[in-house]
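J.: Got a structure for you, questions after.
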There are 2 protein chains.
Amino acid sequence: MQKTALEEEVLALVRPRPDEIRHIDEVAERILARIRADGRAEGMVVGSVARGTWIHGDRDLDIFLLFDPSLSREELEEQGLALARAIAGAEAESFREKYAEHPYINASIDGLDIDLVPCYRVESACSIKSAVDRTPFHTLYIRERIQPFIDDVLLLKQFAKAGGIYGSDQMTEGFAGYLCELLVLSHGGFRPLLVASSRWRPGVIIDIEGHRARDFPEPLVVVDPVDPKRNVSASVSLTRMCEFIELSRGYIEKPGREFFFPPPRPVLTVDGAAGILSRRGTYLYAIVLQTPPYIEDIVVPQLRKSLDAIRGLLDRHGFAVNRADCEMHEDNSMLLFELLVEELPAVTRHEGPPVWNQVNAAKFSSKYMQCSQKELFSGPFIEDGIAIVEKRRAYTRAADLLRSPEMLQVALGKHVKQAMERSYSVSRGIECYRDEFALFISCFLQKYSPMTWIRKHG
Amino acid sequence: MQKTALEEEVLALVRPRPDEIRHIDEVAERILARIRADGRAEGMVVGSVARGTWIHGDRDLDIFLLFDPSLSREELEEQGLALARAIAGAEAESFREKYAEHPYINASIDGLDIDLVPCYRVESACSIKSAVDRTPFHTLYIRERIQPFIDDVLLLKQFAKAGGIYGSDQMTEGFAGYLCELLVLSHGGFRPLLVASSRWRPGVIIDIEGHRARDFPEPLVVVDPVDPKRNVSASVSLTRMCEFIELSRGYIEKPGREFFFPPPRPVLTVDGAAGILSRRGTYLYAIVLQTPPYIEDIVVPQLRKSLDAIRGLLDRHGFAVNRADCEMHEDNSMLLFELLVEELPAVTRHEGPPVWNQVNAAKFSSKYMQCSQKELFSGPFIEDGIAIVEKRRAYTRAADLLRSPEMLQVALGKHVKQAMERSYSVSRGIECYRDEFALFISCFLQKYSPMTWIRKHG
């Protein structure tokens with residue numbers, strides 16, 4: 001499909017340069033030669049480099065080592081890692097072992113960030129032994145079809161990156177490269193896709209091969225052409241999906257360079273943040289802990305779980321939470337809560353059993369009849385059949401609750417809990433501001449959807 | 001059934017004295033003679049005097065004027081009122097017309113408070129033309145059976161009065177005299193009743209004649225022996241029912257004089273109330289209006305409805321209500337609210353449409369894109385598919401909301417609304433204290449169930 005002048009302008013900026021292509025091809029060929037020389041496995045370049053859908057400046061190269069499926073899992077891991085290590089040892093400035101479902105090697109070679117991933121060379125994507133075995137089939141599927149749509153994929157990837165919705169990692173919960181390729185393929189280009197996605201609703205199903213073999217619970221379903229039981233967009237959250245819907249509408253209505261290159265979100269100074277906070281009139285609390293030593297995709301869901309659990313704790317104790325968010329950095333992670341109420345009266349209502357539950361009603365009544373005047377303000381009395389007392393509130397200040405032992409009793413993620421058991425800090429108001437988290441706090445205090453941001457500042 | 005020494009002691013105090021009985025019988029006979037002399041209607045003493053179940057000190061005498069059912073409603077009202085007026089004119093120190101379903105005359109005669117109520121003399125309680133026609137049947141039913149249980153009824157009435165649960169009026173929502181009589185009859189005495197009621201649960205059905213002809217939604221069901229479609233305890237609230245359950249258990253466990261003569265609830269001084277309020281740490285707000293010129297049973301439900309509506313308004317605006325109650329006095333009525341929060345931050349969250357609702361999402365977005373920075377703090381952004389903005393809160397102080405025009409737009413009762421449209425006052429903290437409402441505020445600030453009060457001070 002004919003590109004507009006704007007799109008051509010964007011493409012000129014995002015297409016990889018000839019020297020970049022030459023360099024990446026040359027490094028890839030060197031590694032493939034080493035795999036051939038070894039003979040134990042077959043080498044295959046996968047990912048966007050193999051598909052020609054990478055963007056200028058990308059430094060990622062994925063090379064898979066395909067082993068015979070008759071090998072046991074242990075043999076695969078052992079031989080695969082040995083080969084990958086040998087290659088990295090010969091070629092890399094540095095390398096380290098990483099873990100997904102299998103261990104693999106991440107190496108730095110001639111300025112490129114290269115993953116050397118052992119997998120099984122299976123017959124079809126339906127007979128895979130591990131999730132990574134599927135990747136070569138994705139590459140084969142896309143490579144055969146994508147040629148006429150390379151520019152469309154580059155535009156979509158840049159559009160998604162600009163909107164902050166590119167990437168299937170747990171933090172982003174957005175659109176992976178393979179998903180972008182499938183969306184372009186299934187709609188026949190970048191703009192046809194955006195026309196369609198501007199009308200998406202949760203529950204939309206895109207099934208290029210028409211072979212869907214199950215129901216999927218996720219709001220966006222893109223059935224994997226190489227595996228009818230897999231939703232390629234399973235990691236796309238409803239929020240990211242809707243942000244894409246908004247951006248699609250915005251671009252269809254009035255395309256602009258800012259959809260590909262938006263102005264950066266400004267980082268507030270401490271005074272700027274303090275000013276906004278005081279205008280909002282809310283009470284900001286930050287919990288900072290040492291980031292557990294695990295990969296982002298393990299830690300981030302735990303941070304989110306902890307965020308929800310602590311939010312629930314605050315709410316249960318009467319400290320109404322307006323908004324909460326979390327951020328993981330290499331050293332520290334932050335859980336940020338904006339409260340509408342940080343102090344509450346001494347009195348709190350406590351509901352007992354229904355009066356007609358004689359045994360428990362008697363226990364409740366005798367327990368509170370013995371309570372000192374200092375601890376019990378009113379009651380027991382009856383409301384709608386329930387015995388009620390008004391007693392002293394356990395925490396009248398949110399800060400006390402956040403520093404209390406109750407924090408470690410809520411459903412924190414395992415590693416987050418371990419980190420918080422060692423230590424965590426509680427900050428209040430503008431004290432929450434730390435240079436390390438300045439951008440996170442800035443975006444929290446001035447929260448916009450990507451489309452709002454583009455409209456305001458485009 | 002044999003009475004205990006305690007019960008005999010109580011009976012000695014609550015049985016009407018011989019001179020009281022003589023006096024009331026003499027006045028009743030004078031009035032009946034006047035009705036006979038007139039000849040248009042048949043006179044009948046009803047209520048507790050007719051049944052011998054009145055309590056020492058009661059001054060109420062109910063005399064019904066039974067007219068021929070062939071009279072039209074207008075004729076009944078005209079002739080009934082004319083006769084009642086003639087009697088009152090000849091006998092009463094003062095009298096006035098009152099309204100239930102029909103008009104009737106309330107007269108003050110020789111120190112007694114006498115109702116002269118015209119009704120139809122129908123064949124049976126099932127063919128009544130108006131609720132008052134049923135009353136003579138109640139009296140006939142009880143009079144034939146109650147003789148062996150008069151003492152038990154007196155004990156139960158005093159027990160219920162002492163617990164503050166005697167009376168089927170809208171304020172009390174408790175136990176009427178006729179209901180007390182039926183409860184004693186159906187269980188064979190005061191103590192057998194309490195043994196049974198200590199095990200009551202909502203949904204209990206007492207049907208002496210075994211002729212219940214419908215389902216009843218109320219928690220306590222006592223089928224009227226003279227009308228299988230009527231629940232005598234329809235006016236008993238779940239709270240009053242449960243308070244009776246608690247008192248029954250308490251008396252069975254450890255009977256005492258305090259169940260019949262509890263210490264009075266103390267009235268706090270203004271300083272005493274201020275001290276308690278400051279210990280509770282809550283924010284008290286009172287709305288005082290002129291009591292609408294209607295009977296309690298019309299005004300009280302309207303006050304309750306208004307209380308709920310304003311409580312809902314406060315809650316919707318983020319001002320958490322711990323407790324609320326209302327009180328009707330002759331001149332003024334008070335709606336009292338105890339808040340946990342009286343001030344809130346400037347920012348408030350406002351949820352828009354789901355993003356996939358394209359038309360409304362566009363309206364929402366363009367509305368808030370035009371909003372000034374002063375009015376809009378953040379957004380639009382997306383959470384779980386919903387467009388959200390954070391905008392300026394309409395009322396950051398509860399007092400402003402309570403003085404705002406929104407107050408008159410919530411579901412107030414009709415006459416309460418008219419009164420509040422004319423004028424109402426809003427007081428805060430200890431300013432809510434007025435001598436007129438001192439007892440009400442005292443009981444509000446130190447709320448106990450009747451049983452708790454007896455246990456604490458018995």
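Ligands are numbered from 1 in the order shown, chains are lettered A, B, ... in the order of the structure tokens, and residues start at 1 in each chain.
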From the DSSP assignment of the backbone, select every residue of range 11-257 of chain A that is strand (DSSP E), and format the answer as a VMD selection string.
T.: chain A and resid 42 to 46 60 to 67 94 to 99 103 to 109 112 to 120 204 to 206 220 to 224 227 to 231
J.: With N, CA and C atoms kept, could you save the residues just selected as a compact mmCIF listing (two decimals), in the first residue's frame?
T.:
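Final output, result-v9.txt:
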# COMPACT_ATOMS: atom_id res chain seq x y z
N GLU A 42 22.04 -27.30 14.54
CA GLU A 42 21.83 -26.49 13.35
C GLU A 42 21.62 -25.05 13.84
N GLY A 43 22.27 -24.08 13.22
CA GLY A 43 22.09 -22.68 13.63
C GLY A 43 20.99 -22.00 12.85
N MET A 44 20.27 -21.10 13.53
CA MET A 44 19.21 -20.39 12.82
C MET A 44 19.05 -18.99 13.43
N VAL A 45 19.14 -17.98 12.54
CA VAL A 45 18.85 -16.63 13.00
C VAL A 45 17.32 -16.48 13.08
N VAL A 46 16.84 -16.03 14.22
CA VAL A 46 15.39 -15.84 14.37
C VAL A 46 15.16 -14.36 14.73
N ASP A 60 19.69 -6.09 18.93
CA ASP A 60 19.39 -7.45 19.39
C ASP A 60 19.50 -8.45 18.24
N LEU A 61 20.22 -9.53 18.50
CA LEU A 61 20.32 -10.61 17.52
C LEU A 61 20.06 -11.93 18.25
N ASP A 62 19.09 -12.69 17.73
CA ASP A 62 18.75 -13.97 18.37
C ASP A 62 19.16 -15.10 17.45
N ILE A 63 20.05 -15.97 17.97
CA ILE A 63 20.45 -17.13 17.18
C ILE A 63 20.11 -18.38 17.97
N PHE A 64 19.32 -19.26 17.33
CA PHE A 64 18.90 -20.49 17.99
C PHE A 64 19.80 -21.64 17.55
N LEU A 65 20.04 -22.54 18.49
CA LEU A 65 20.83 -23.73 18.22
C LEU A 65 19.85 -24.90 18.26
N LEU A 66 19.52 -25.46 17.09
CA LEU A 66 18.49 -26.50 17.01
C LEU A 66 19.12 -27.88 17.15
N PHE A 67 18.75 -28.58 18.22
CA PHE A 67 19.31 -29.90 18.51
C PHE A 67 18.30 -30.98 18.15
N SER A 94 31.92 -10.13 26.40
CA SER A 94 31.45 -10.63 27.69
C SER A 94 30.20 -11.45 27.44
N PHE A 95 29.91 -12.36 28.37
CA PHE A 95 28.66 -13.11 28.25
C PHE A 95 28.25 -13.66 29.61
N ARG A 96 26.97 -14.04 29.70
CA ARG A 96 26.47 -14.61 30.96
C ARG A 96 25.33 -15.58 30.67
N GLU A 97 25.12 -16.46 31.62
CA GLU A 97 24.05 -17.42 31.48
C GLU A 97 22.75 -16.78 31.97
N LYS A 98 21.66 -17.01 31.23
CA LYS A 98 20.36 -16.49 31.66
C LYS A 98 19.35 -17.64 31.64
N TYR A 99 18.16 -17.39 32.19
CA TYR A 99 17.16 -18.44 32.24
C TYR A 99 15.83 -17.96 31.70
N PRO A 103 18.08 -22.71 30.26
CA PRO A 103 19.19 -21.75 30.32
C PRO A 103 19.67 -21.42 28.90
N TYR A 104 20.21 -20.23 28.72
CA TYR A 104 20.79 -19.83 27.44
C TYR A 104 21.90 -18.83 27.71
N ILE A 105 22.59 -18.44 26.65
CA ILE A 105 23.72 -17.51 26.84
C ILE A 105 23.38 -16.17 26.20
N ASN A 106 23.61 -15.11 26.99
CA ASN A 106 23.47 -13.75 26.48
C ASN A 106 24.88 -13.18 26.36
N ALA A 107 25.24 -12.76 25.11
CA ALA A 107 26.62 -12.35 24.87
C ALA A 107 26.68 -10.98 24.21
N SER A 108 27.73 -10.29 24.46
CA SER A 108 27.96 -8.99 23.84
C SER A 108 29.06 -9.17 22.80
N ILE A 109 28.69 -9.05 21.51
CA ILE A 109 29.66 -9.31 20.44
C ILE A 109 29.63 -8.16 19.45
N LEU A 112 26.75 -5.82 19.56
CA LEU A 112 25.40 -6.37 19.48
C LEU A 112 25.08 -7.15 20.77
N ASP A 113 23.78 -7.20 21.09
CA ASP A 113 23.31 -7.93 22.27
C ASP A 113 22.72 -9.23 21.74
N ILE A 114 23.47 -10.32 21.91
CA ILE A 114 23.14 -11.56 21.21
C ILE A 114 22.70 -12.65 22.19
N ASP A 115 21.55 -13.26 21.89
CA ASP A 115 21.10 -14.43 22.65
C ASP A 115 21.41 -15.68 21.85
N LEU A 116 22.06 -16.63 22.50
CA LEU A 116 22.34 -17.94 21.88
C LEU A 116 21.47 -18.95 22.63
N VAL A 117 20.42 -19.43 21.96
CA VAL A 117 19.37 -20.18 22.66
C VAL A 117 19.27 -21.61 22.14
N PRO A 118 19.64 -22.61 22.95
CA PRO A 118 19.46 -24.00 22.53
C PRO A 118 17.97 -24.36 22.52
N CYS A 119 17.55 -25.15 21.50
CA CYS A 119 16.18 -25.65 21.48
C CYS A 119 16.14 -26.96 20.69
N TYR A 120 14.93 -27.56 20.63
CA TYR A 120 14.75 -28.80 19.88
C TYR A 120 14.31 -28.48 18.45
N VAL A 204 -12.29 -9.29 20.67
CA VAL A 204 -11.98 -9.38 19.24
C VAL A 204 -11.06 -10.58 19.00
N ILE A 205 -11.31 -11.31 17.92
CA ILE A 205 -10.50 -12.50 17.60
C ILE A 205 -9.93 -12.34 16.21
N ILE A 206 -8.61 -12.46 16.09
CA ILE A 206 -7.95 -12.42 14.78
C ILE A 206 -7.30 -13.79 14.58
N LEU A 220 -7.76 -9.35 23.93
CA LEU A 220 -7.35 -9.38 22.52
C LEU A 220 -6.83 -10.78 22.20
N VAL A 221 -7.38 -11.36 21.15
CA VAL A 221 -6.97 -12.71 20.77
C VAL A 221 -6.43 -12.69 19.34
N VAL A 222 -5.17 -13.07 19.20
CA VAL A 222 -4.56 -13.25 17.88
C VAL A 222 -4.03 -14.68 17.86
N VAL A 223 -4.74 -15.55 17.18
CA VAL A 223 -4.39 -16.97 17.22
C VAL A 223 -3.07 -17.17 16.47
N ASP A 224 -2.18 -17.90 17.11
CA ASP A 224 -0.86 -18.14 16.51
C ASP A 224 -1.03 -18.98 15.24
N ASP A 227 0.27 -22.39 15.83
CA ASP A 227 -0.21 -23.17 16.98
C ASP A 227 -1.63 -22.72 17.34
N PRO A 228 -2.64 -23.48 16.93
CA PRO A 228 -4.04 -23.06 17.08
C PRO A 228 -4.48 -22.94 18.54
N LYS A 229 -3.65 -23.42 19.46
CA LYS A 229 -4.04 -23.35 20.87
C LYS A 229 -3.35 -22.20 21.60
N ARG A 230 -2.68 -21.32 20.86
CA ARG A 230 -1.92 -20.25 21.53
C ARG A 230 -2.42 -18.88 21.08
N ASN A 231 -2.59 -17.99 22.09
CA ASN A 231 -2.95 -16.60 21.81
C ASN A 231 -1.68 -15.77 21.85
J.: For chain A, report every residue with an atom at most 6 Å from chain B (counting only C-alpha atoms), formatted as a list in words.
T.: Arg201, Leu238, Thr239, Cys242, Arg280, Gly281, Thr282, Pro345, Ala346, Val347, Trp356, Ser378, Gly379, Pro380, Phe381, Ile382, Glu383, Asp384, Gly385, Gln446, Lys447, Tyr448 and Ser449 of chain A
J.: Take the residues from that selection and put them in a file with N, CA and C atoms, as a JSON list (two decimals), in the first residue's frame.
T.:
[["chain", "number", "residue", "atom", "x", "y", "z"],
["A", 201, "ARG", "N", -13.07, -4.08, 20.26],
["A", 201, "ARG", "CA", -13.66, -4.18, 21.59],
["A", 201, "ARG", "C", -13.03, -5.40, 22.25],
["A", 238, "LEU", "N", -5.68, -5.23, 29.06],
["A", 238, "LEU", "CA", -6.83, -4.48, 28.54],
["A", 238, "LEU", "C", -6.47, -2.99, 28.39],
["A", 239, "THR", "N", -5.69, -2.50, 29.35],
["A", 239, "THR", "CA", -5.30, -1.08, 29.29],
["A", 239, "THR", "C", -4.44, -0.81, 28.05],
["A", 242, "CYS", "N", -6.51, -0.89, 24.95],
["A", 242, "CYS", "CA", -7.34, 0.32, 24.79],
["A", 242, "CYS", "C", -6.49, 1.52, 24.42],
["A", 280, "ARG", "N", -2.82, 18.94, 44.30],
["A", 280, "ARG", "CA", -3.72, 17.78, 44.39],
["A", 280, "ARG", "C", -4.28, 17.63, 45.80],
["A", 281, "GLY", "N", -3.47, 17.99, 46.79],
["A", 281, "GLY", "CA", -3.95, 17.93, 48.17],
["A", 281, "GLY", "C", -3.95, 16.53, 48.75],
["A", 282, "THR", "N", -3.37, 15.59, 48.04],
["A", 282, "THR", "CA", -3.38, 14.19, 48.48],
["A", 282, "THR", "C", -2.14, 13.87, 49.31],
["A", 345, "PRO", "N", -10.13, 9.10, 62.74],
["A", 345, "PRO", "CA", -10.50, 9.20, 64.15],
["A", 345, "PRO", "C", -10.13, 7.95, 64.93],
["A", 346, "ALA", "N", -10.08, 8.10, 66.25],
["A", 346, "ALA", "CA", -9.75, 6.98, 67.12],
["A", 346, "ALA", "C", -10.78, 5.85, 67.02],
["A", 347, "VAL", "N", -12.02, 6.21, 66.75],
["A", 347, "VAL", "CA", -13.09, 5.22, 66.82],
["A", 347, "VAL", "C", -13.20, 4.44, 65.50],
["A", 356, "TRP", "N", -28.89, -13.74, 66.35],
["A", 356, "TRP", "CA", -29.52, -15.05, 66.45],
["A", 356, "TRP", "C", -28.51, -16.20, 66.46],
["A", 378, "SER", "N", -18.33, 2.53, 72.28],
["A", 378, "SER", "CA", -19.78, 2.31, 72.29],
["A", 378, "SER", "C", -20.07, 0.84, 72.05],
["A", 379, "GLY", "N", -21.27, 0.45, 72.51],
["A", 379, "GLY", "CA", -21.71, -0.89, 72.21],
["A", 379, "GLY", "C", -21.33, -1.88, 73.29],
["A", 380, "PRO", "N", -21.63, -3.15, 73.09],
["A", 380, "PRO", "CA", -22.33, -3.66, 71.91],
["A", 380, "PRO", "C", -23.73, -3.06, 71.75],
["A", 381, "PHE", "N", -24.05, -2.72, 70.48],
["A", 381, "PHE", "CA", -25.44, -2.39, 70.16],
["A", 381, "PHE", "C", -25.80, -3.17, 68.89],
["A", 382, "ILE", "N", -27.05, -3.06, 68.49],
["A", 382, "ILE", "CA", -27.52, -3.89, 67.38],
["A", 382, "ILE", "C", -27.93, -3.00, 66.21],
["A", 383, "GLU", "N", -27.48, -3.37, 65.03],
["A", 383, "GLU", "CA", -27.96, -2.70, 63.81],
["A", 383, "GLU", "C", -28.33, -3.77, 62.81],
["A", 384, "ASP", "N", -29.59, -3.76, 62.38],
["A", 384, "ASP", "CA", -30.05, -4.75, 61.40],
["A", 384, "ASP", "C", -29.70, -6.17, 61.81],
["A", 385, "GLY", "N", -29.81, -6.45, 63.08],
["A", 385, "GLY", "CA", -29.63, -7.81, 63.55],
["A", 385, "GLY", "C", -28.20, -8.20, 63.88],
["A", 446, "GLN", "N", 1.30, 13.14, 36.97],
["A", 446, "GLN", "CA", 0.62, 13.70, 35.81],
["A", 446, "GLN", "C", 0.36, 12.57, 34.84],
["A", 447, "LYS", "N", -0.66, 11.82, 35.14],
["A", 447, "LYS", "CA", -0.90, 10.61, 34.38],
["A", 447, "LYS", "C", -1.77, 10.90, 33.16],
["A", 448, "TYR", "N", -1.29, 10.50, 32.00],
["A", 448, "TYR", "CA", -2.05, 10.65, 30.76],
["A", 448, "TYR", "C", -1.99, 9.36, 29.98],
["A", 449, "SER", "N", -3.01, 9.08, 29.20],
["A", 449, "SER", "CA", -2.88, 7.99, 28.24],
["A", 449, "SER", "C", -1.96, 8.49, 27.14]]
J.: Identify, on the basis of only C-alpha atoms, every residue whose closest approach to Arg30 in chain A does not exceed 10 Å; exclude the query and any residue fewer than 5 positions from it along the same chain; express the result as a list of chain:residue names.
T.: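 Those residues are A:Ile24, A:Asp25, A:Ile35, A:Ile87, A:Glu91.
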J.: If you keep N, CA and C atoms, can you produce a file of those selected residues as a PDB file, in the first residue's frame?
T.:
ATOM      1  N   ILE A  24      25.429  -6.552  11.062  1.00  0.00           N
ATOM      2  CA  ILE A  24      24.672  -7.570  11.790  1.00  0.00           C
ATOM      3  C   ILE A  24      24.708  -8.898  11.022  1.00  0.00           C
ATOM      4  N   ASP A  25      24.644  -8.815   9.662  1.00  0.00           N
ATOM      5  CA  ASP A  25      24.710 -10.025   8.841  1.00  0.00           C
ATOM      6  C   ASP A  25      26.059 -10.715   9.014  1.00  0.00           C
ATOM      7  N   ILE A  35      28.758 -22.672  14.433  1.00  0.00           N
ATOM      8  CA  ILE A  35      27.807 -23.753  14.741  1.00  0.00           C
ATOM      9  C   ILE A  35      27.961 -24.890  13.719  1.00  0.00           C
ATOM     10  N   ILE A  87      30.990 -20.732  21.645  1.00  0.00           N
ATOM     11  CA  ILE A  87      30.874 -19.647  20.673  1.00  0.00           C
ATOM     12  C   ILE A  87      31.133 -18.308  21.341  1.00  0.00           C
ATOM     13  N   GLU A  91      33.981 -15.474  20.656  1.00  0.00           N
ATOM     14  CA  GLU A  91      33.578 -14.261  19.944  1.00  0.00           C
ATOM     15  C   GLU A  91      33.276 -13.065  20.859  1.00  0.00           C
TER      16      GLU A  91
END
J.: Suppose you want the space between CA of Gln290 in chain B and CA of Met420 in chain B; what is it in Å?
T.: 7.9 Å
J.: When you draw a straight line from CA of Gly167 in chain A to CA of Ser233 in chain A, how long is it in Å?
T.: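 These two atoms are separated by 10.7 Å.
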J.: Which is closest to His102 in chain B among B:Thr53, B:Ser130, B:Ser124, B:Ser197, if we use only C-alpha atoms?
T.: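 Smallest distance to His102 in chain B is found for B:Ser130.
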J.: Could you check the closest approach to Ile298 in chain A for each of A:Val410, A:Val416, A:Ala286, A:Met334 and tell me which residue wins, using only C-alpha atoms?
T.: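 Ranked by minimum distance to Ile298 in chain A, first place goes to A:Val416.
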J.: Could you check how far CA of Val226 in chain B sits from CA of Lys157 in chain B, in Å to one decimal?
T.: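 CA of Lys157 in chain B lies at a distance of 21.7 Å from CA of Val226 in chain B.
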J.: Looking at only C-alpha atoms, which of A:Ile208, A:Val267, A:Leu11, A:Val426 is the one that sits closest to Phe337 in chain A?
T.: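 Smallest distance to Phe337 in chain A is found for A:Val426.
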J.: Taking 5 positions as the minimum chain separation for residues in the same chain, which residues sit within 10 Å of range 179-183 of chain A when counting only C-alpha atoms? Answer as a ChimeraX atom specification.
T.: /A:48,51,53,138,141-142,145-146,149-150,152-157,160,166-168,174,188-190,192-194,197,206-208,222-225,231-233,236
J.: Hey, which of A:Ile454, A:Ala213, A:Ala234, A:Val122 ends up closest to Ala176 in chain A? Count only C-alpha atoms.
T.: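 Checking each candidate against Ala176 in chain A, we get A:Ala234 as the closest.
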J.: List every residue of range 255-316 of chain A that DSSP, applied to the backbone of this structure, places in helix (DSSP H, G or I), and write the result as a VMD selection string.
T.: chain A and resid 257 to 259 270 to 280 296 to 316
J.: Can those selected residues be exported to a file as a compact mmCIF listing (two decimals), in the first residue's frame so that it contains N, CA and C atoms?
T.:
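So result_28.txt came out as:
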# COMPACT_ATOMS: atom_id res chain seq x y z
N ARG A 257 3.54 13.37 12.92
CA ARG A 257 4.86 12.86 13.26
C ARG A 257 4.91 12.45 14.73
N GLU A 258 4.14 13.17 15.58
CA GLU A 258 4.19 12.93 17.02
C GLU A 258 3.68 11.54 17.41
N PHE A 259 2.95 10.86 16.51
CA PHE A 259 2.54 9.49 16.79
C PHE A 259 3.73 8.53 16.74
N VAL A 270 12.17 18.32 42.05
CA VAL A 270 11.55 18.07 43.35
C VAL A 270 10.56 19.19 43.68
N ASP A 271 10.90 20.43 43.32
CA ASP A 271 9.98 21.54 43.59
C ASP A 271 8.73 21.44 42.72
N GLY A 272 8.94 21.05 41.48
CA GLY A 272 7.80 20.88 40.58
C GLY A 272 6.84 19.81 41.10
N ALA A 273 7.42 18.71 41.54
CA ALA A 273 6.60 17.62 42.08
C ALA A 273 5.88 18.07 43.34
N ALA A 274 6.59 18.81 44.19
CA ALA A 274 5.98 19.28 45.44
C ALA A 274 4.80 20.21 45.13
N GLY A 275 4.96 21.05 44.12
CA GLY A 275 3.88 21.97 43.74
C GLY A 275 2.64 21.22 43.28
N ILE A 276 2.85 20.22 42.43
CA ILE A 276 1.71 19.44 41.94
C ILE A 276 1.03 18.69 43.07
N LEU A 277 1.85 18.10 43.92
CA LEU A 277 1.31 17.34 45.04
C LEU A 277 0.47 18.25 45.94
N SER A 278 0.95 19.44 46.17
CA SER A 278 0.21 20.32 47.07
C SER A 278 -1.08 20.79 46.41
N ARG A 279 -1.07 20.98 45.07
CA ARG A 279 -2.32 21.32 44.40
C ARG A 279 -3.32 20.17 44.45
N ARG A 280 -2.82 18.94 44.30
CA ARG A 280 -3.72 17.78 44.39
C ARG A 280 -4.28 17.63 45.80
N GLU A 296 13.13 -9.37 35.52
CA GLU A 296 11.98 -8.49 35.55
C GLU A 296 10.65 -9.25 35.46
N ASP A 297 10.59 -10.25 34.58
CA ASP A 297 9.33 -10.95 34.37
C ASP A 297 8.91 -11.78 35.58
N ILE A 298 9.84 -12.01 36.50
CA ILE A 298 9.47 -12.66 37.76
C ILE A 298 9.16 -11.61 38.82
N VAL A 299 9.95 -10.55 38.89
CA VAL A 299 9.79 -9.57 39.96
C VAL A 299 8.57 -8.67 39.75
N VAL A 300 8.37 -8.23 38.50
CA VAL A 300 7.30 -7.26 38.25
C VAL A 300 5.92 -7.78 38.67
N PRO A 301 5.56 -9.02 38.31
CA PRO A 301 4.24 -9.51 38.78
C PRO A 301 4.16 -9.56 40.30
N GLN A 302 5.27 -9.83 40.96
CA GLN A 302 5.27 -9.84 42.43
C GLN A 302 5.09 -8.43 42.99
N LEU A 303 5.71 -7.46 42.34
CA LEU A 303 5.52 -6.08 42.79
C LEU A 303 4.05 -5.68 42.64
N ARG A 304 3.45 -6.08 41.50
CA ARG A 304 2.04 -5.74 41.28
C ARG A 304 1.15 -6.41 42.33
N LYS A 305 1.44 -7.68 42.62
CA LYS A 305 0.67 -8.41 43.62
C LYS A 305 0.81 -7.73 45.00
N SER A 306 2.02 -7.33 45.33
CA SER A 306 2.27 -6.66 46.61
C SER A 306 1.55 -5.33 46.66
N LEU A 307 1.58 -4.62 45.54
CA LEU A 307 0.89 -3.33 45.44
C LEU A 307 -0.60 -3.50 45.75
N ASP A 308 -1.21 -4.50 45.12
CA ASP A 308 -2.64 -4.74 45.33
C ASP A 308 -2.91 -5.14 46.78
N ALA A 309 -2.03 -5.96 47.34
CA ALA A 309 -2.26 -6.44 48.71
C ALA A 309 -2.15 -5.28 49.70
N ILE A 310 -1.17 -4.41 49.51
CA ILE A 310 -1.00 -3.29 50.45
C ILE A 310 -2.11 -2.27 50.24
N ARG A 311 -2.50 -2.09 49.00
CA ARG A 311 -3.64 -1.21 48.72
C ARG A 311 -4.89 -1.72 49.46
N GLY A 312 -5.08 -3.03 49.41
CA GLY A 312 -6.21 -3.63 50.12
C GLY A 312 -6.10 -3.41 51.63
N LEU A 313 -4.90 -3.55 52.16
CA LEU A 313 -4.67 -3.34 53.59
C LEU A 313 -5.03 -1.90 53.98
N LEU A 314 -4.56 -0.94 53.19
CA LEU A 314 -4.86 0.47 53.46
C LEU A 314 -6.36 0.71 53.41
N ASP A 315 -6.99 0.18 52.38
CA ASP A 315 -8.44 0.37 52.23
C ASP A 315 -9.20 -0.24 53.41
N ARG A 316 -8.82 -1.46 53.80
CA ARG A 316 -9.50 -2.12 54.91
C ARG A 316 -9.39 -1.32 56.20
J.: I'd like the neighbourhood of Ala125 in chain A as a compact mmCIF listing (two decimals) with N, CA and C atoms, in the first residue's frame, where a residue qualifies if any of its atoms comes within 6 Å (using only C-alpha atoms), though same-chain residues fewer than 2 positions away should be ignored.
T.:
# COMPACT_ATOMS: atom_id res chain seq x y z
N SER A 127 4.23 -29.89 18.03
CA SER A 127 4.91 -30.96 18.76
C SER A 127 6.13 -30.43 19.52
N ILE A 128 6.05 -29.16 19.94
CA ILE A 128 7.18 -28.58 20.67
C ILE A 128 7.31 -29.19 22.05
N ARG A 134 9.15 -23.11 19.58
CA ARG A 134 8.17 -22.52 18.68
C ARG A 134 8.77 -21.40 17.83
N VAL A 226 1.01 -20.75 13.81
CA VAL A 226 1.72 -22.03 13.88
C VAL A 226 1.23 -22.88 15.05
